[in-house]
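**Student:** A single structure is presented below for examination.
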Amino acid sequence: MGLTIGVDIGGTKIAAGVVDEEGNILSTHKVPTPGTPEAIVDAIAAAVEGAHAGHEIVGVGIGAAGYVNRQRSTVYFAPNIDWRQEPLKEKVEARVGLPVVVENDANAAAWGEYKFGAGKGHRNVICITLGTGLGGGIIIGNKLRRGHFGVAAEFGHIRMVPDGLLCGCGSQGCWEQYASGRALVRYAKQRANATPENAELLLSLGNGTPDGIEGKHISMAARQGDPVAVDSYRELARWAGAGLADLASLFDPSAFIVGGGLSDEGELVLDPIRKSYKRWLVGGNWRPVADVIAAQLGNKAGLVGAADLAREPDPIM
């Protein structure tokens with residue numbers, strides 16, 4: 001079908017890229033992410049127009065962090081942008097003069113990995129993104145499964161702990177409160193406060209107090225064997241693996257693809273996730289066990305996936 005543009009809306013920048021049918025990014029254009037919903041629409045249009053220059057484009061795919069309707073046109077709700085029933089497709093089409101589809105950003109990243117990354121060769125994969133929060137995507141029978149209303153695979157808001165920690169979504173005990181970048185930092189701060197003698201390196205990388213600990217410090221310290229940093233990763237992995245075991249009972253995929261910023265740590269996080277997954281998988285000693293593998297496309301997955309999904313037929317048809 002030709003070249004398409006994928007758009008990735010980030011917290012600090014909006015990136016648009018021209019992507020071919022093999023998943024190669026031919027050019028990109030980035031603009032700062034503004035602070036108001038209407039200005040974000042303007043910025044998306046500017047990014048698309050910048051990337052469009054010199055290329056014959058047949059469509060645009062936008063990855064939006066939020067609940068997107070099944071028609072791939074309206075953002076029902078976006079937690080970090082004040083979009084409520086936002087007709088994003090209509091607004092951007094009016095600005096750029098090209099067909100536009102809107103996808104949930106985690107779905108877009110999952111599709112990118114399935115089509116061009118770690119999921120190549122699989123028909124049934126579940127992707128999870130372990131970043132600041134926790135998201136994911138479902139590909140079953142080579143199709144992205146959005147659900148009846150378009151808002152499936154909001155894995156981060158599965159309630160893992162009844163009456164557990166308060167989540168930003170307003171519920172309690174959501175999975176992302178126990179398996180995410182925010183959770184990792186919380187674990188490290190709590191452990192460093194309780195046993196500072198086991199966190200000397202970790203504390204030294206911050207400002208000398210638990211409050212100064214950041215995600216990058218935990219990674220650096222864990223790679224050098226700091227006991228609290230290593231234990232914090234194990235705690236995150238325990239919850240991540242337990243959640244994968246539940247998803248295996250629902251979807252029975254051949255592979256779980258783990259993406260997001262935490263996946264950049266490689267086996268530091270993947271090995272304990274695999275162990276926890278096998279520990280909690282019902283019948284795990286007697287049944288086939290899905291692979292747990294690292295994503296390959298990094299922060300390009302969402303842009304590439306959104307661009308490719310712009311070529312996919314309307315899922316309503």
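We label chains A, B, ... in the order they appear in the structure tokens, count residues from 1 in each chain, and number ligands from 1 in the order shown.
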Might you pull out every residue within 7 Å of range 187-201 of chain A, with only C-alpha atoms counted and same-chain residues fewer than 6 positions away left off, and present them as a count of residues only?
**Tutor:** 9
**Student:** Can you tell me which residues surround range 49-52 of chain A at a distance of at most 8 Å, considering only C-alpha atoms, apart from same-chain residues fewer than 2 positions away, and format the answer as a ChimeraX atom specification?
**Tutor:** /A:5,16-18,27-29,45-47,54-57,96
**Student:** Please provide the set of residues having any atom within 12 Å of Glu265 in chain A, restricted to only C-alpha atoms, with same-chain residues fewer than 4 positions apart removed, written as a list of chain:residue names.
**Tutor:** A:Leu130, A:Gly131, A:Gly181, A:Gly215, A:Lys216, A:Ile218, A:Ser219, A:Met220, A:Ala222, A:Arg223, A:Tyr233, A:Val258, A:Gly259, A:Gly260, A:Gly261, A:Val269, A:Leu270, A:Asp271, A:Pro272, A:Ala294, A:Ala295, A:Gly298
**Student:** Those same residues, written as a compact mmCIF listing (two decimals), in the first residue's frame with all heavy atoms?
**Tutor:**
# COMPACT_ATOMS: atom_id res chain seq x y z
N LEU A 130 6.75 -2.71 30.25
CA LEU A 130 7.10 -2.35 31.63
C LEU A 130 7.87 -1.04 31.58
O LEU A 130 9.06 -1.00 31.30
CB LEU A 130 7.96 -3.45 32.26
CG LEU A 130 7.32 -4.82 32.46
CD1 LEU A 130 8.34 -5.80 33.03
CD2 LEU A 130 6.11 -4.71 33.39
N GLY A 131 7.16 0.04 31.80
CA GLY A 131 7.77 1.35 31.83
C GLY A 131 7.39 2.05 33.11
O GLY A 131 7.32 1.43 34.18
N GLY A 181 8.00 0.72 36.53
CA GLY A 181 9.13 1.53 36.97
C GLY A 181 8.85 2.24 38.28
O GLY A 181 9.73 2.35 39.15
N GLY A 215 15.30 5.44 39.19
CA GLY A 215 15.38 4.18 38.46
C GLY A 215 16.76 3.89 37.92
O GLY A 215 17.25 2.76 37.98
N LYS A 216 17.43 4.91 37.37
CA LYS A 216 18.76 4.71 36.80
C LYS A 216 19.76 4.27 37.87
O LYS A 216 20.69 3.50 37.60
CB LYS A 216 19.24 5.97 36.11
CG LYS A 216 19.39 7.18 37.01
CD LYS A 216 19.78 8.43 36.23
CE LYS A 216 19.89 9.64 37.15
NZ LYS A 216 20.23 10.87 36.37
N ILE A 218 19.05 2.40 40.50
CA ILE A 218 18.77 1.00 40.83
C ILE A 218 19.41 0.08 39.81
O ILE A 218 20.00 -0.95 40.16
CB ILE A 218 17.24 0.76 40.91
CG1 ILE A 218 16.59 1.74 41.88
CG2 ILE A 218 16.95 -0.67 41.37
CD1 ILE A 218 15.08 1.77 41.81
N SER A 219 19.30 0.46 38.54
CA SER A 219 19.92 -0.34 37.48
C SER A 219 21.43 -0.42 37.66
O SER A 219 22.03 -1.51 37.62
CB SER A 219 19.58 0.26 36.12
OG SER A 219 20.31 -0.36 35.09
N MET A 220 22.05 0.73 37.86
CA MET A 220 23.51 0.77 38.02
C MET A 220 23.96 -0.04 39.23
O MET A 220 24.93 -0.82 39.17
CB MET A 220 23.98 2.22 38.14
CG MET A 220 23.78 3.04 36.89
SD MET A 220 24.02 4.83 37.17
CE MET A 220 25.75 4.84 37.66
N ALA A 222 22.30 -2.49 40.82
CA ALA A 222 22.02 -3.91 40.68
C ALA A 222 23.08 -4.61 39.84
O ALA A 222 23.48 -5.75 40.14
CB ALA A 222 20.63 -4.12 40.05
N ARG A 223 23.55 -3.93 38.81
CA ARG A 223 24.58 -4.53 37.96
C ARG A 223 25.92 -4.69 38.70
O ARG A 223 26.77 -5.47 38.28
CB ARG A 223 24.77 -3.70 36.69
CG ARG A 223 23.55 -3.76 35.79
CD ARG A 223 23.76 -3.10 34.45
NE ARG A 223 22.58 -3.25 33.62
CZ ARG A 223 22.24 -4.34 32.97
NH1 ARG A 223 23.02 -5.40 33.03
NH2 ARG A 223 21.15 -4.38 32.24
N TYR A 233 14.61 -5.58 42.07
CA TYR A 233 14.29 -6.16 40.77
C TYR A 233 13.57 -7.50 40.94
O TYR A 233 12.65 -7.82 40.19
CB TYR A 233 15.56 -6.34 39.94
CG TYR A 233 15.88 -5.14 39.08
CD1 TYR A 233 16.94 -4.30 39.41
CD2 TYR A 233 15.14 -4.84 37.94
CE1 TYR A 233 17.24 -3.18 38.63
CE2 TYR A 233 15.43 -3.73 37.17
CZ TYR A 233 16.48 -2.91 37.51
OH TYR A 233 16.77 -1.81 36.74
N VAL A 258 8.34 -8.82 26.27
CA VAL A 258 8.45 -7.82 27.33
C VAL A 258 9.19 -6.60 26.77
O VAL A 258 10.36 -6.69 26.40
CB VAL A 258 9.18 -8.37 28.56
CG1 VAL A 258 9.25 -7.31 29.66
CG2 VAL A 258 8.49 -9.63 29.08
N GLY A 259 8.48 -5.48 26.69
CA GLY A 259 9.07 -4.25 26.21
C GLY A 259 9.00 -3.17 27.27
O GLY A 259 8.80 -3.44 28.46
N GLY A 260 9.17 -1.92 26.86
CA GLY A 260 9.21 -0.82 27.80
C GLY A 260 10.62 -0.60 28.33
O GLY A 260 11.52 -1.41 28.12
N GLY A 261 10.79 0.49 29.04
CA GLY A 261 12.12 0.86 29.50
C GLY A 261 12.80 -0.17 30.36
O GLY A 261 14.02 -0.37 30.27
N VAL A 269 16.28 -8.35 34.45
CA VAL A 269 14.85 -8.37 34.76
C VAL A 269 14.16 -9.58 34.14
O VAL A 269 13.24 -10.16 34.74
CB VAL A 269 14.17 -7.05 34.31
CG1 VAL A 269 14.17 -6.90 32.80
CG2 VAL A 269 12.76 -6.96 34.85
N LEU A 270 14.60 -10.04 32.97
CA LEU A 270 13.90 -11.13 32.28
C LEU A 270 14.08 -12.48 32.98
O LEU A 270 13.13 -13.26 33.08
CB LEU A 270 14.37 -11.24 30.84
CG LEU A 270 13.88 -10.17 29.88
CD1 LEU A 270 14.55 -10.30 28.53
CD2 LEU A 270 12.36 -10.23 29.73
N ASP A 271 15.27 -12.77 33.46
CA ASP A 271 15.50 -14.07 34.09
C ASP A 271 14.62 -14.28 35.32
O ASP A 271 13.94 -15.31 35.43
CB ASP A 271 16.98 -14.24 34.43
CG ASP A 271 17.27 -15.60 35.05
OD1 ASP A 271 17.05 -16.62 34.36
OD2 ASP A 271 17.71 -15.65 36.22
N PRO A 272 14.55 -13.31 36.25
CA PRO A 272 13.64 -13.52 37.38
C PRO A 272 12.16 -13.50 36.99
O PRO A 272 11.34 -14.15 37.64
CB PRO A 272 13.99 -12.39 38.35
CG PRO A 272 14.72 -11.39 37.55
CD PRO A 272 15.41 -12.13 36.46
N ALA A 294 12.65 -10.66 25.18
CA ALA A 294 12.78 -9.20 25.19
C ALA A 294 12.31 -8.62 23.87
O ALA A 294 12.53 -9.19 22.79
CB ALA A 294 14.23 -8.81 25.44
N ALA A 295 11.67 -7.47 23.94
CA ALA A 295 11.34 -6.72 22.74
C ALA A 295 12.63 -6.31 22.02
O ALA A 295 13.68 -6.20 22.64
CB ALA A 295 10.52 -5.49 23.11
N GLY A 298 12.77 -1.45 20.76
CA GLY A 298 12.99 -0.33 21.67
C GLY A 298 11.92 0.72 21.53
O GLY A 298 10.74 0.43 21.30
**Student:** Extract, using only C-alpha atoms, all DNA, RNA and protein residues at most 9 Å from Val19 in chain A, discarding same-chain residues fewer than 2 positions from it, and format them as a PyMOL selection string.
**Tutor:** chain A and resi 2-6+17+21-27+303-304+307-308
**Student:** Identify which of the residues A:Ala310, A:Ala242, A:Val151, A:Ala237 lies closest to Leu98 in chain A, counting only C-alpha atoms when measuring atom-to-atom distances.
**Tutor:**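 Checking each of A:Ala310, A:Ala242, A:Val151, A:Ala237 against Leu98 in chain A, counting only C-alpha atoms, the winner is A:Ala310.
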**Student:** With distances taken over only C-alpha atoms, which of A:Asn104, A:Ser73, A:Gln296, A:Ser180 is nearest to Arg145 in chain A?
**Tutor:** A:Asn104
**Student:** Report, in Å with one decimal, the straight-line distance from CA of Tyr178 in chain A to CA of Phe155 in chain A.
**Tutor:**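 Taking CA of Tyr178 in chain A and CA of Phe155 in chain A, their separation equals 12.2 Å.
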**Student:** Choose the residue, out of A:Gln85, A:Ser263, A:Ser276, A:Gln224, that has the smallest atom-to-atom separation from Ala245 in chain A; count only C-alpha atoms.
**Tutor:**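 With only C-alpha atoms as the atom set, the closest residue is A:Ser276.
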**Student:** Which residue, A:Glu214, A:Trp175, A:Ser254, A:His148, has the smallest gap to Leu202 in chain A when you use only C-alpha atoms?
**Tutor:**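 The shortest atom-to-atom distance to Leu202 in chain A comes from A:Glu214.
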**Student:** Counting only C-alpha atoms, figure out which residue out of A:Asn80, A:Asn207, A:Thr74, A:Thr36 gets nearest to Val102 in chain A.
**Tutor:**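 Among A:Asn80, A:Asn207, A:Thr74, A:Thr36, it is A:Thr74 that comes nearest to Val102 in chain A.
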**Student:** Please give the complete set of residues from range 105-254 of chain A that DSSP, run on the backbone, assigns to strand (DSSP E), formatted as a list in words.
**Tutor:** Val125, Ile126, Cys127, Ile128, Thr129, Leu130, Leu134, Gly135, Gly136, Gly137, Ile138, Ile139, Ile140, Lys143 and Leu144 of chain A
**Student:** Would you kindly return, as a ChimeraX atom specification, each protein, DNA or RNA residue with an atom no farther than 12 Å from any atom of Ala39 in chain A, considering only C-alpha atoms and excluding same-chain residues fewer than 6 positions away?
**Tutor:** /A:14,31-33,45-46,81-83,91-92
**Student:** Give me a file of those residues, with N, CA, C and O atoms, as an mmCIF file, in the first residue's frame.
**Tutor:**
data_model
loop_
_atom_site.group_PDB
_atom_site.id
_atom_site.type_symbol
_atom_site.label_atom_id
_atom_site.label_comp_id
_atom_site.auth_asym_id
_atom_site.auth_seq_id
_atom_site.Cartn_x
_atom_site.Cartn_y
_atom_site.Cartn_z
ATOM 1 N N ILE A 14 6.765 14.826 20.437
ATOM 2 C CA ILE A 14 5.916 14.076 19.511
ATOM 3 C C ILE A 14 6.773 13.763 18.297
ATOM 4 O O ILE A 14 7.327 14.666 17.670
ATOM 5 N N VAL A 31 8.693 17.298 17.340
ATOM 6 C CA VAL A 31 8.334 18.613 17.876
ATOM 7 C C VAL A 31 8.099 18.453 19.375
ATOM 8 O O VAL A 31 7.764 17.367 19.855
ATOM 9 N N PRO A 32 8.263 19.516 20.149
ATOM 10 C CA PRO A 32 7.990 19.423 21.592
ATOM 11 C C PRO A 32 6.517 19.142 21.861
ATOM 12 O O PRO A 32 5.640 19.590 21.102
ATOM 13 N N THR A 33 6.238 18.407 22.922
ATOM 14 C CA THR A 33 4.860 18.148 23.318
ATOM 15 C C THR A 33 4.333 19.346 24.106
ATOM 16 O O THR A 33 4.859 19.670 25.172
ATOM 17 N N ALA A 45 -0.056 17.601 13.886
ATOM 18 C CA ALA A 45 -0.123 18.004 12.478
ATOM 19 C C ALA A 45 1.227 18.530 12.001
ATOM 20 O O ALA A 45 1.675 18.212 10.887
ATOM 21 N N ALA A 46 1.908 19.307 12.832
ATOM 22 C CA ALA A 46 3.214 19.846 12.452
ATOM 23 C C ALA A 46 4.241 18.735 12.283
ATOM 24 O O ALA A 46 5.058 18.758 11.348
ATOM 25 N N ILE A 81 -3.425 13.353 29.244
ATOM 26 C CA ILE A 81 -3.849 14.492 28.423
ATOM 27 C C ILE A 81 -5.327 14.684 28.703
ATOM 28 O O ILE A 81 -6.065 13.709 28.866
ATOM 29 N N ASP A 82 -5.781 15.894 28.739
ATOM 30 C CA ASP A 82 -7.186 16.147 29.055
ATOM 31 C C ASP A 82 -8.064 15.899 27.832
ATOM 32 O O ASP A 82 -8.766 16.789 27.341
ATOM 33 N N TRP A 83 -8.006 14.651 27.338
ATOM 34 C CA TRP A 83 -8.867 14.234 26.235
ATOM 35 C C TRP A 83 -10.002 13.387 26.785
ATOM 36 O O TRP A 83 -9.765 12.354 27.431
ATOM 37 N N LYS A 91 -10.003 15.582 13.699
ATOM 38 C CA LYS A 91 -9.254 16.830 13.824
ATOM 39 C C LYS A 91 -7.936 16.783 13.050
ATOM 40 O O LYS A 91 -7.571 17.744 12.375
ATOM 41 N N VAL A 92 -7.211 15.656 13.156
ATOM 42 C CA VAL A 92 -5.919 15.577 12.478
ATOM 43 C C VAL A 92 -6.104 15.453 10.974
ATOM 44 O O VAL A 92 -5.360 16.054 10.192
#
**Student:** Just list the residues in range 98-276 of chain A DSSP gives helix (DSSP H, G or I) on the backbone, as a ChimeraX atom specification.
**Tutor:** /A:105-116,155-157,175-177,181-194,196-198,200-205,210-212,215-223,227-251,261-265,267-276
**Student:** How far is it from CA of Ile273 in chain A to CA of His122 in chain A, in Å with one decimal?
**Tutor:**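 Spanning CA of Ile273 in chain A to CA of His122 in chain A is a straight-line distance of 20.6 Å.
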**Student:** Here is a test: counting only C-alpha atoms, which residue of A:Asp314, A:Asp291, A:Asp8, A:Asp20 is nearest to Gly119 in chain A?
**Tutor:**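 For Gly119 in chain A, the nearest of the candidates is A:Asp291.
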**Student:** Would you work out the distance separating CA of Gly136 in chain A from CA of Gly112 in chain A, expressed in Å to one decimal?
**Tutor:**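 For CA of Gly136 in chain A relative to CA of Gly112 in chain A, the distance reads 12.0 Å.
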